[in-house]
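> What follows is final36.txt, compact mmCIF, C-alpha atoms and all ligand atoms.
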# COMPACT_ATOMS: atom_id res chain seq x y z
CA MET A 27 -4.89 -30.14 -4.49
CA ARG A 28 -4.77 -32.60 -1.59
CA ILE A 29 -6.08 -31.04 1.58
CA VAL A 30 -6.13 -32.59 5.02
CA VAL A 31 -8.81 -31.17 7.31
CA GLY A 32 -7.97 -32.06 10.91
CA VAL A 33 -10.85 -31.70 13.34
CA GLY A 34 -10.34 -31.22 17.07
CA GLY A 35 -12.83 -32.12 19.79
CA GLY A 36 -14.74 -28.88 20.34
CA ILE A 37 -18.32 -27.86 19.75
CA ALA A 38 -17.19 -25.87 16.67
CA ALA A 39 -16.41 -29.24 15.01
CA TYR A 40 -19.77 -28.93 13.22
CA LYS A 41 -18.39 -25.93 11.31
CA ALA A 42 -15.65 -28.17 9.88
CA CYS A 43 -18.42 -29.76 7.76
CA ALA A 44 -18.99 -26.48 5.90
CA LEU A 45 -15.24 -26.10 5.43
CA VAL A 46 -14.85 -29.63 3.99
CA ARG A 47 -17.74 -28.91 1.63
CA ARG A 48 -16.16 -25.64 0.47
CA PHE A 49 -12.91 -27.46 -0.39
CA THR A 50 -14.61 -30.32 -2.27
CA GLU A 51 -16.87 -27.89 -4.18
CA THR A 52 -13.82 -26.00 -5.40
CA GLY A 53 -12.29 -29.20 -6.78
CA HIS A 54 -9.90 -30.19 -3.99
CA GLN A 55 -9.39 -33.73 -2.71
CA VAL A 56 -10.12 -33.72 1.00
CA ARG A 57 -9.08 -36.17 3.66
CA VAL A 58 -10.73 -35.55 7.04
CA ILE A 59 -8.82 -36.66 10.15
CA PRO A 60 -10.75 -36.07 13.35
CA THR A 61 -9.47 -36.69 16.85
CA GLU A 62 -11.31 -39.34 18.88
CA SER A 63 -13.08 -36.59 20.84
CA ALA A 64 -14.13 -34.73 17.65
CA LEU A 65 -16.26 -37.80 16.88
CA GLN A 66 -18.25 -37.03 20.05
CA PHE A 67 -19.50 -33.94 18.20
CA VAL A 68 -19.76 -35.03 14.54
CA GLY A 69 -20.13 -38.61 13.32
CA LYS A 70 -17.56 -40.35 11.15
CA ALA A 71 -20.24 -40.99 8.50
CA THR A 72 -20.79 -37.25 8.04
CA PHE A 73 -17.10 -36.63 7.30
CA GLU A 74 -16.91 -39.69 5.03
CA ALA A 75 -19.96 -38.60 3.04
CA LEU A 76 -18.76 -35.00 2.72
CA SER A 77 -15.20 -35.89 1.70
CA GLY A 78 -15.88 -39.11 -0.21
CA GLN A 79 -12.86 -40.60 1.60
CA PRO A 80 -12.50 -43.04 4.50
CA VAL A 81 -12.14 -41.47 7.93
CA SER A 82 -10.13 -42.84 10.82
CA THR A 83 -8.56 -41.46 13.97
CA SER A 84 -5.98 -44.14 14.59
CA VAL A 85 -2.62 -45.07 13.12
CA PHE A 86 -3.66 -48.73 13.44
CA THR A 87 -6.33 -48.60 10.73
CA ASP A 88 -5.23 -49.73 7.26
CA VAL A 89 -1.68 -50.42 8.51
CA PRO A 90 -0.19 -51.78 5.22
CA GLU A 91 -0.94 -48.36 3.61
CA VAL A 92 1.15 -46.63 6.32
CA PRO A 93 -1.42 -43.79 6.54
CA HIS A 94 0.31 -42.07 9.49
CA VAL A 95 3.21 -41.18 7.20
CA ARG A 96 1.69 -41.14 3.73
CA ILE A 97 -1.24 -38.75 4.27
CA GLY A 98 1.02 -36.03 5.67
CA GLN A 99 3.73 -36.53 3.05
CA GLU A 100 1.25 -36.23 0.18
CA ALA A 101 -0.72 -33.24 1.49
CA ASP A 102 -0.54 -29.81 -0.18
CA LEU A 103 -2.12 -28.16 2.86
CA VAL A 104 -3.22 -29.18 6.35
CA VAL A 105 -5.98 -27.16 8.00
CA ILE A 106 -6.94 -27.81 11.61
CA ALA A 107 -10.42 -26.53 12.43
CA PRO A 108 -11.29 -26.32 15.21
CA ALA A 109 -7.85 -26.43 16.84
CA THR A 110 -8.51 -27.04 20.53
CA ALA A 111 -6.08 -26.15 23.33
CA ASP A 112 -5.27 -29.83 23.83
CA LEU A 113 -4.68 -30.53 20.14
CA MET A 114 -2.33 -27.52 19.83
CA ALA A 115 -0.49 -28.63 23.00
CA ARG A 116 0.07 -32.08 21.53
CA ALA A 117 1.10 -30.64 18.14
CA ALA A 118 3.51 -28.17 19.78
CA GLN A 119 5.19 -31.02 21.64
CA GLY A 120 5.55 -33.07 18.48
CA ARG A 121 3.49 -35.96 19.81
CA ALA A 122 2.15 -38.62 17.47
CA ASP A 123 -0.43 -40.38 19.58
CA ASP A 124 -3.18 -40.39 16.98
CA LEU A 125 -3.46 -40.18 13.18
CA LEU A 126 -3.87 -36.39 13.15
CA THR A 127 -0.78 -35.54 15.22
CA ALA A 128 1.26 -38.16 13.32
CA THR A 129 0.14 -36.49 10.08
CA LEU A 130 1.22 -33.09 11.41
CA LEU A 131 4.72 -34.48 12.02
CA THR A 132 5.12 -35.80 8.48
CA ALA A 133 3.52 -32.87 6.62
CA ARG A 134 5.98 -30.53 4.87
CA CYS A 135 3.25 -28.34 3.33
CA PRO A 136 1.70 -25.19 4.86
CA VAL A 137 -0.23 -25.91 8.07
CA LEU A 138 -3.07 -23.64 9.22
CA PHE A 139 -4.55 -23.87 12.73
CA ALA A 140 -7.96 -22.24 13.32
CA PRO A 141 -8.27 -22.17 17.12
CA ALA A 142 -11.55 -22.40 19.02
CA MET A 143 -11.80 -22.49 22.81
CA HIS A 144 -12.99 -20.45 25.75
CA THR A 145 -11.24 -17.12 26.27
CA GLU A 146 -9.59 -18.33 29.51
CA MET A 147 -8.03 -21.29 27.69
CA TRP A 148 -6.90 -19.10 24.74
CA GLU A 149 -5.27 -16.59 27.10
CA HIS A 150 -3.67 -19.17 29.43
CA PRO A 151 0.15 -18.91 29.38
CA ALA A 152 0.38 -22.60 28.39
CA THR A 153 -1.73 -22.02 25.26
CA VAL A 154 0.09 -18.74 24.50
CA ALA A 155 3.40 -20.64 24.65
CA ASN A 156 2.07 -23.49 22.49
CA VAL A 157 0.84 -21.04 19.85
CA ALA A 158 4.25 -19.35 19.83
CA THR A 159 5.95 -22.75 19.44
CA LEU A 160 3.68 -23.77 16.55
CA ARG A 161 4.38 -20.43 14.82
CA ALA A 162 8.12 -20.85 15.40
CA HIS A 163 7.81 -24.27 13.74
CA GLY A 164 6.40 -22.55 10.66
CA ALA A 165 2.68 -23.14 11.12
CA THR A 166 0.12 -20.36 10.70
CA VAL A 167 -2.06 -20.07 13.80
CA MET A 168 -5.05 -17.84 13.10
CA GLU A 169 -6.28 -15.23 15.52
CA PRO A 170 -9.67 -16.46 16.71
CA ALA A 171 -12.78 -14.35 16.32
CA SER A 172 -14.39 -12.58 19.26
CA GLY A 173 -18.00 -13.04 20.10
CA ARG A 174 -20.45 -15.50 21.49
CA LEU A 175 -18.85 -18.73 22.72
CA THR A 176 -20.68 -21.85 23.88
CA GLY A 177 -23.15 -20.85 26.57
CA THR A 178 -23.41 -17.16 27.41
CA ASP A 179 -19.68 -16.29 27.40
CA THR A 180 -18.25 -13.81 24.92
CA GLY A 181 -14.63 -12.94 24.12
CA PRO A 182 -11.80 -14.03 21.84
CA GLY A 183 -11.84 -17.76 21.18
CA ARG A 184 -14.60 -18.23 18.63
CA LEU A 185 -13.74 -20.27 15.56
CA PRO A 186 -13.37 -17.89 12.57
CA GLU A 187 -16.17 -18.48 10.05
CA PRO A 188 -15.55 -21.38 7.61
CA GLU A 189 -15.48 -18.90 4.72
CA GLU A 190 -12.65 -16.97 6.37
CA ILE A 191 -10.67 -20.16 7.10
CA PHE A 192 -11.25 -21.21 3.48
CA GLY A 193 -10.00 -17.81 2.26
CA LEU A 194 -6.78 -17.97 4.29
CA ALA A 195 -6.21 -21.61 3.36
CA SER A 196 -6.60 -20.69 -0.32
CA LEU A 197 -4.14 -17.83 0.20
CA LEU A 198 -1.56 -20.27 1.63
CA LEU A 199 -2.04 -22.49 -1.44
CA GLU A 200 -1.39 -19.47 -3.70
CA ARG A 201 1.47 -18.23 -1.58
CA PRO A 202 2.77 -20.37 1.33
CA ASP A 203 4.65 -17.45 2.94
CA ALA A 204 1.74 -14.95 2.78
CA LEU A 205 1.12 -14.82 6.53
CA PRO A 206 4.32 -14.07 8.50
CA ARG A 207 3.80 -12.41 11.91
CA ASP A 208 5.52 -9.23 10.75
CA LEU A 209 2.83 -6.75 11.86
CA GLU A 210 2.80 -7.68 15.55
CA GLY A 211 2.53 -4.58 17.74
CA ARG A 212 1.42 -2.44 14.77
CA ARG A 213 -1.84 -0.48 14.61
CA VAL A 214 -3.28 -0.33 11.10
CA ILE A 215 -6.37 1.56 9.91
CA ILE A 216 -8.01 0.26 6.74
CA THR A 217 -10.98 1.79 4.91
CA ALA A 218 -13.16 -0.33 2.64
CA GLY A 219 -16.28 -0.24 0.54
CA GLY A 220 -18.08 2.66 -1.07
CA THR A 221 -19.65 5.74 0.46
CA ARG A 222 -23.28 6.69 -0.15
CA GLU A 223 -24.35 10.31 -0.38
CA PRO A 224 -28.08 10.75 0.31
CA LEU A 225 -30.36 12.70 -2.05
CA ASP A 226 -33.51 12.10 -0.05
CA PRO A 227 -34.61 9.48 2.51
CA VAL A 228 -34.60 6.67 -0.10
CA ARG A 229 -31.98 7.58 -2.73
CA PHE A 230 -28.25 8.09 -2.78
CA LEU A 231 -25.27 8.65 -5.04
CA GLY A 232 -23.04 5.62 -4.68
CA ASN A 233 -20.50 3.49 -6.46
CA ARG A 234 -19.78 -0.12 -7.30
CA SER A 235 -17.15 -0.83 -4.66
CA SER A 236 -17.94 -4.12 -2.87
CA GLY A 237 -15.41 -3.67 -0.06
CA LYS A 238 -13.84 -7.06 -0.80
CA GLN A 239 -10.31 -5.71 -1.35
CA GLY A 240 -10.37 -3.66 1.87
CA TYR A 241 -11.76 -6.61 3.83
CA ALA A 242 -9.03 -8.87 2.42
CA LEU A 243 -6.42 -6.32 3.56
CA ALA A 244 -7.94 -6.19 7.05
CA ARG A 245 -8.10 -9.97 7.29
CA VAL A 246 -4.52 -10.53 6.13
CA ALA A 247 -3.13 -7.66 8.27
CA ALA A 248 -4.88 -9.03 11.39
CA GLN A 249 -3.56 -12.52 10.71
CA ARG A 250 -0.06 -11.05 10.31
CA GLY A 251 -0.42 -9.77 13.87
CA ALA A 252 -1.61 -6.16 13.42
CA SER A 253 -4.26 -4.55 15.56
CA VAL A 254 -6.69 -3.54 12.81
CA THR A 255 -9.52 -1.02 12.69
CA LEU A 256 -11.60 -1.51 9.56
CA ILE A 257 -13.77 1.47 8.63
CA ALA A 258 -16.33 0.19 6.16
CA GLY A 259 -19.01 1.74 4.02
CA ASN A 260 -22.01 -0.31 2.89
CA THR A 261 -20.58 -3.80 3.17
CA VAL A 262 -23.36 -5.49 5.17
CA GLU A 263 -23.24 -8.61 3.01
CA LEU A 264 -19.55 -9.24 3.85
CA ALA A 265 -18.76 -11.31 6.95
CA PRO A 266 -16.77 -9.28 9.54
CA PRO A 267 -13.13 -10.47 9.55
CA ALA A 268 -11.96 -12.25 12.71
CA ALA A 269 -9.91 -10.23 15.22
CA VAL A 270 -10.65 -6.86 13.57
CA ASP A 271 -12.46 -3.83 15.06
CA LEU A 272 -15.17 -2.92 12.57
CA VAL A 273 -16.61 0.61 12.30
CA HIS A 274 -19.51 1.14 9.88
CA ILE A 275 -20.00 4.46 8.05
CA THR A 276 -22.29 5.62 5.26
CA THR A 277 -21.15 8.98 3.86
CA ALA A 278 -17.75 10.46 2.95
CA GLU A 279 -18.07 12.97 5.79
CA GLN A 280 -18.68 10.16 8.30
CA LEU A 281 -15.67 8.33 6.85
CA ALA A 282 -13.54 11.47 7.25
CA THR A 283 -14.62 11.81 10.91
CA ALA A 284 -13.90 8.13 11.63
CA VAL A 285 -10.47 8.30 9.93
CA ASP A 286 -9.61 11.48 11.88
CA LYS A 287 -10.49 9.75 15.13
CA HIS A 288 -8.58 6.50 14.52
CA ALA A 289 -5.57 7.56 12.40
CA VAL A 290 -3.70 9.64 14.98
CA GLY A 291 -0.70 7.63 16.15
CA ALA A 292 -1.49 4.66 13.90
CA ASP A 293 1.44 2.93 12.17
CA ALA A 294 -0.36 2.91 8.82
CA VAL A 295 -3.55 4.01 7.12
CA ILE A 296 -4.65 2.17 3.97
CA MET A 297 -7.38 4.01 2.06
CA ALA A 298 -9.01 1.25 0.00
CA ALA A 299 -12.48 2.81 0.23
CA ALA A 300 -14.11 4.31 -2.85
CA VAL A 301 -15.00 7.76 -1.58
CA ALA A 302 -17.58 9.91 -3.39
CA ASP A 303 -15.89 13.07 -4.59
CA PHE A 304 -19.19 14.99 -4.50
CA ARG A 305 -22.37 14.92 -2.43
CA PRO A 306 -25.77 16.47 -3.15
CA THR A 307 -25.68 19.98 -1.69
CA ASN A 308 -29.18 19.63 -0.29
CA VAL A 309 -30.67 16.46 1.11
CA ALA A 310 -34.46 16.55 0.67
CA ALA A 311 -36.30 15.81 3.91
CA ALA A 312 -39.06 13.99 2.00
CA LYS A 313 -38.85 11.73 -1.05
CA ILE A 314 -38.36 13.73 -4.27
CA LYS A 315 -41.42 13.19 -6.47
CA LYS A 316 -42.29 13.50 -10.14
CA GLY A 317 -44.58 16.39 -11.02
CA ALA A 318 -44.53 20.14 -10.72
CA ASN A 319 -41.47 20.42 -8.44
CA GLU A 320 -39.25 17.82 -10.02
CA PRO A 321 -35.59 18.92 -10.10
CA ASP A 322 -33.77 19.64 -13.39
CA VAL A 323 -30.35 19.49 -11.82
CA ILE A 324 -28.89 18.20 -8.60
CA PRO A 325 -26.32 20.68 -7.23
CA LEU A 326 -23.24 18.96 -5.84
CA THR A 327 -20.71 19.98 -3.19
CA LYS A 328 -17.15 18.67 -3.13
CA ASN A 329 -16.30 16.18 -0.37
CA PRO A 330 -13.03 16.45 1.54
CA ASP A 331 -10.19 14.40 0.01
CA ILE A 332 -9.46 12.24 3.04
CA LEU A 333 -6.25 10.75 1.66
CA ALA A 334 -4.78 14.15 0.77
CA GLY A 335 -5.97 15.42 4.18
CA LEU A 336 -4.04 12.65 5.94
CA VAL A 337 -0.86 13.59 4.09
CA THR A 338 -1.34 17.25 5.11
CA ALA A 339 -2.01 16.24 8.73
CA ARG A 340 1.20 14.22 8.76
CA THR A 341 3.23 17.07 7.26
CA GLU A 342 1.84 19.43 9.90
CA GLY A 343 2.73 16.98 12.70
CA ARG A 344 -0.87 16.19 13.66
CA LEU A 345 -0.66 12.48 12.82
CA GLY A 346 2.71 10.96 13.74
CA ASP A 347 4.96 8.88 11.50
CA THR A 348 2.00 7.10 9.96
CA ALA A 349 2.63 5.40 6.60
CA ILE A 350 -0.14 6.29 4.13
CA VAL A 351 -1.33 4.04 1.30
CA GLY A 352 -3.83 5.10 -1.37
CA PHE A 353 -5.74 3.20 -4.03
CA ALA A 354 -6.44 4.32 -7.57
CA ALA A 355 -8.98 2.72 -9.87
CA GLU A 356 -7.96 3.98 -13.30
CA THR A 357 -8.84 3.63 -16.95
CA GLY A 358 -6.69 4.86 -19.80
CA ASP A 359 -8.00 7.67 -22.04
CA GLU A 360 -6.80 10.07 -24.77
CA ASN A 361 -4.57 11.85 -22.23
CA GLY A 362 -2.60 8.78 -21.20
CA ASP A 363 -2.62 5.16 -20.12
CA VAL A 364 -3.48 3.82 -16.67
CA LEU A 365 0.07 4.14 -15.30
CA THR A 366 0.53 7.71 -16.57
CA HIS A 367 -2.64 8.77 -14.71
CA ALA A 368 -1.61 6.79 -11.65
CA ARG A 369 1.85 8.39 -11.46
CA ALA A 370 0.23 11.81 -11.61
CA LYS A 371 -2.21 10.82 -8.87
CA LEU A 372 0.58 9.58 -6.58
CA ALA A 373 2.37 12.91 -6.97
CA ARG A 374 -0.87 14.88 -6.39
CA LYS A 375 -1.95 12.93 -3.30
CA GLY A 376 1.50 12.73 -1.70
CA CYS A 377 0.97 9.28 -0.14
CA ASP A 378 3.81 6.75 0.29
CA LEU A 379 2.34 3.95 -1.82
CA LEU A 380 -0.37 3.84 -4.45
CA VAL A 381 -2.09 0.58 -5.37
CA VAL A 382 -3.28 0.92 -8.95
CA ASN A 383 -6.06 -1.19 -10.45
CA ALA A 384 -7.06 -0.98 -14.08
CA VAL A 385 -10.86 -1.01 -14.02
CA GLY A 386 -13.16 -2.06 -16.81
CA GLU A 387 -15.49 -4.86 -17.73
CA GLY A 388 -15.34 -7.57 -15.07
CA LYS A 389 -12.20 -6.19 -13.41
CA ALA A 390 -11.58 -5.11 -9.81
CA PHE A 391 -15.15 -4.18 -8.79
CA GLU A 392 -17.28 -6.81 -7.05
CA VAL A 393 -15.16 -9.80 -8.18
CA ASP A 394 -12.88 -11.94 -5.98
CA THR A 395 -9.68 -11.42 -7.96
CA ASN A 396 -7.54 -8.42 -8.67
CA ASP A 397 -4.23 -7.27 -10.14
CA GLY A 398 -2.45 -4.02 -10.88
CA TRP A 399 0.66 -2.10 -9.99
CA LEU A 400 2.26 -0.76 -6.86
CA LEU A 401 3.82 2.70 -7.16
CA GLY A 402 6.10 3.99 -4.41
CA ALA A 403 6.75 7.66 -3.64
CA ASP A 404 10.46 6.75 -3.99
CA GLY A 405 9.87 5.99 -7.69
CA THR A 406 9.71 2.20 -7.36
CA GLU A 407 7.11 0.46 -9.50
CA SER A 408 6.13 -3.19 -9.46
CA ALA A 409 3.40 -5.30 -11.05
CA LEU A 410 0.87 -7.03 -8.79
CA ASP A 411 0.17 -10.38 -10.43
CA HIS A 412 -3.37 -11.57 -10.97
CA GLY A 413 -4.72 -13.56 -8.02
CA SER A 414 -7.14 -13.44 -5.11
CA LYS A 415 -7.74 -10.14 -3.35
CA ALA A 416 -6.06 -11.75 -0.31
CA LEU A 417 -2.94 -12.38 -2.40
CA LEU A 418 -2.89 -8.76 -3.57
CA ALA A 419 -3.38 -7.69 0.07
CA SER A 420 -0.35 -9.75 1.13
CA ARG A 421 1.82 -8.08 -1.54
CA VAL A 422 0.66 -4.60 -0.51
CA LEU A 423 1.48 -5.38 3.15
CA ASP A 424 4.94 -6.66 2.10
CA ALA A 425 5.59 -3.27 0.50
CA LEU A 426 4.24 -1.44 3.56
CA ILE A 427 6.59 -3.14 6.07
CA PRO A 428 9.76 -1.22 5.10
CA LEU A 429 7.83 2.07 5.36
CA LEU A 430 6.85 1.55 9.02
CA HIS A 431 8.78 3.58 11.56
O1 LIG B 1 -8.84 10.71 -6.61
P1 LIG B 1 -9.31 9.33 -6.46
O2 LIG B 1 -10.72 9.23 -5.91
O3 LIG B 1 -9.13 8.44 -7.64
O4 LIG B 1 -8.31 8.74 -5.36
C1 LIG B 1 -8.47 7.47 -4.84
C2 LIG B 1 -7.82 7.40 -3.50
O5 LIG B 1 -8.15 8.56 -2.73
C3 LIG B 1 -8.33 6.23 -2.70
O6 LIG B 1 -7.30 5.81 -1.84
C4 LIG B 1 -9.50 6.85 -1.92
O7 LIG B 1 -9.76 6.11 -0.74
C5 LIG B 1 -8.99 8.24 -1.64
N1 LIG B 1 -10.02 9.30 -1.60
C6 LIG B 1 -10.21 9.99 -0.44
N2 LIG B 1 -11.14 11.01 -0.38
C7 LIG B 1 -11.87 11.34 -1.46
C8 LIG B 1 -11.67 10.65 -2.66
C9 LIG B 1 -10.74 9.63 -2.69
O8 LIG B 1 -9.54 9.71 0.55
N3 LIG B 1 -12.77 12.30 -1.37
Could I get this structure in the form of structure tokens?


Amino acid sequence: MRIVVGVGGGIAAYKACALVRRFTETGHQVRVIPTESALQFVGKATFEALSGQPVSTSVFTDVPEVPHVRIGQEADLVVIAPATADLMARAAQGRADDLLTATLLTARCPVLFAPAMHTEMWEHPATVANVATLRAHGATVMEPASGRLTGTDTGPGRLPEPEEIFGLASLLLERPDALPRDLEGRRVIITAGGTREPLDPVRFLGNRSSGKQGYALARVAAQRGASVTLIAGNTVELAPPAAVDLVHITTAEQLATAVDKHAVGADAVIMAAAVADFRPTNVAAAKIKKGANEPDVIPLTKNPDILAGLVTARTEGRLGDTAIVGFAAETGDENGDVLTHARAKLARKGCDLLVVNAVGEGKAFEVDTNDGWLLGADGTESALDHGSKALLASRVLDALIPLLH
């Protein structure tokens, strides 16, 4: 695909290099268009070497090729990273005073802005209005990350990590309408990853969940405008999604406590975590050793079913009108195929939606792609086509919207 990476004049311009690299490595043709001030931060030669394409900032370079019109017309996606306050102001007004803004006017493909600026500039009414205008014009403006800004300041305004920008850009290539702002004002709780149940100070019972599907849900929900709390088990190797409150847990009991605390009054809870059904009844204080006292059996105690507990809490009026989504990783067996088991699980758990993944060799766990079915408590069933976990997340959120009160 043909990707235009527009680079604004902010210190985060150096991160655009990693983004360009990610696109070229995955086989895309990249054209980098910096603003004049972006070149104060990163040299033209760097962008030319990384993209293998000429770089210019002006509509007066290479005039017979009409680049100010052609580059935008031919693009499959335009990504602006970092999008500074000034660049978004010019884009919102429809100005065309350099090659990048001219390209934005001629592009008819998805456009993704990844803002980076100080918190004061991000929160200024002028920037807020410009972001709203760009969104009304059909562009996707990402929520920035919170955290350390240039100098000692912290707050919203940090450029989301290149990997996250790459993920959302790839999602827009798969599905241009994947990121509408339809979850604004909604509070969504998402669980992700696998729980670990300790046996002794060094060992645990765990599972193969990577947390990638739950993280993709959190990322997509936040970028659709939701206020997201992500409760995650054992996902340290995953980068925290931008604009999401992240709560780390280890065991199923800790997950249950965290869900209890955050779910009350939430608009939706999505239980993507792989929760251990059982935990060792006794946790040895010291490492279990071979020898005279080695155990023959490990007694197990049943963990609470958090999903079923949420449904009960809602029925008893302790939750609110919260929509509840469960996940089921299923394999077929002699008693029925994947969907037969999944339908029974939906009925047993009592949630509103069940996302069903067929698991087996190389499917669902740890990988970056997924597929399956979506079963509704109202009897609706639909297939979730194979694609990125972000794509599956966007389809699940589409199905959630009509269930929100
Ligand atoms: O019964 P099973 O573990 O297959 O159900 C999967 C669904 O139930 C997932 O949404 C998972 O997060 C949730 N679950 C739970 N508490 C458990 C076990 C599973 O909430 N103890």

> Find, counting only C-alpha atoms and all ligand atoms, the residue in A:Pro224, A:Gly343, A:Gly362, A:Gly335 that gets nearest to ligand LIG 1 (chain B).

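Closest candidate: A:Gly335.
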
> As a quick test: using all atoms listed in the file, which residues lie no more than 6 Å away from ligand LIG 1 (chain B)? Give them as a list in words.

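The distance check yields Met297, Ala298, Ala299, Ala300, Val301, Ala302, Asp303, Asn329, Pro330, Asp331, Ile332, Leu333, Gly352, Phe353 and Ala354 of chain A.
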
> Applying 9 Å and only C-alpha atoms, which residues near Val422 (chain A) remain after dropping the ones on its own chain fewer than 4 positions away? List them as a PyMOL selection string.

chain A and resi 243+379+381+400+410+417-418+426-427

> Write out as a list of chain:residue names the residues lying within 7 Å of region 75-80 of chain A, counting all atoms listed in the file and excluding same-chain residues fewer than 2 positions away.

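Using all atoms listed in the file, the neighbours found are A:Val46, A:Arg47, A:Thr50, A:Val56, A:Arg57, A:Val58, A:Ala71, A:Thr72, A:Phe73, A:Ser82.
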
> In Å, with one decimal, what is the gap from CA of Pro186 (chain A) to CA of Thr145 (chain A)?

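We find that CA of Pro186 (chain A) and CA of Thr145 (chain A) lie 13.9 Å from each other.
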
> May I ask for the distance between CA of Ala384 (chain A) and CA of Arg222 (chain A), given in Å to one decimal place?

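Computed distance, CA of Ala384 (chain A) to CA of Arg222 (chain A), equals 22.7 Å.
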
> In Å, with one decimal, what is the gap from CA of Thr366 (chain A) to CA of Glu342 (chain A)?

29.0 Å

> Any idea what's packed within 6 Å of Gly34 (chain A), counting only C-alpha atoms, ignoring anything in its chain fewer than 4 positions away? Could you give it as a list in words?

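Counting only the stated atoms, we get Thr61, Ala64, Pro108, Ala109 and Thr110 of chain A.
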
> Have a look at A:Leu185, A:Ala419, A:Ser172, A:Ala115 and name the one nearest to Val154 (chain A); count only C-alpha atoms.

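Ranking A:Leu185, A:Ala419, A:Ser172, A:Ala115 by distance to Val154 (chain A), first place goes to A:Ala115.
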
> Restricting the calculation to only C-alpha atoms, which member of A:Glu407, A:Glu223, A:Asp123, A:Glu146 is positioned closest to Arg369 (chain A)?

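Counting only C-alpha atoms, the residue closest to Arg369 (chain A) is A:Glu407.
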
> Hey, which of A:Leu130, A:Val273, A:Ala349, A:Leu401 ends up closest to Lys371 (chain A)? Count all atoms listed in the file.

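With all atoms listed in the file as the atom set, the closest residue is A:Leu401.
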
> Name all residues at most 9 Å from region 135-144 of chain A (count only C-alpha atoms; drop same-chain ones fewer than 4 positions away) and give them as a ChimeraX atom specification.

/A:36-38,98-111,114,130,148-149,164-171,175-176,179-186,191,194-195,198-199,202-203

> Please provide the set of residues having any atom within 7 Å of Ser253 (chain A), restricted to all atoms listed in the file, with same-chain residues fewer than 4 positions apart removed, written as an mmCIF file with C-alpha atoms, in the frame of the given file.


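Output file selection39.cif follows:
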data_model
loop_
_atom_site.group_PDB
_atom_site.id
_atom_site.type_symbol
_atom_site.label_atom_id
_atom_site.label_comp_id
_atom_site.auth_asym_id
_atom_site.auth_seq_id
_atom_site.Cartn_x
_atom_site.Cartn_y
_atom_site.Cartn_z
ATOM 1 C CA ARG A 212 1.420 -2.440 14.770
ATOM 2 C CA ARG A 213 -1.840 -0.480 14.610
ATOM 3 C CA VAL A 214 -3.280 -0.330 11.100
ATOM 4 C CA ALA A 248 -4.880 -9.030 11.390
#

> Which of these, A:Glu189, A:Glu356, A:Asp112, A:Ala242, has the shortest distance to Ala368 (chain A) once you count all atoms listed in the file?

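Among the listed residues, the smallest separation from Ala368 (chain A) belongs to A:Glu356.
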
> Please determine the residues with any atom at most 6 Å from (-18.1, 0.6, 6.3) (coordinates as given in the file, with all atoms listed in the file counting) and report them as a list in words.

Ile257, Ala258, Gly259, Asn260, Thr261, His274 and Ile275 of chain A

> With distances taken over all atoms listed in the file, which residue among A:Ala128, A:Ala42, A:Ala268, A:Ala162 lies nearest Leu65 (chain A)?

A:Ala42
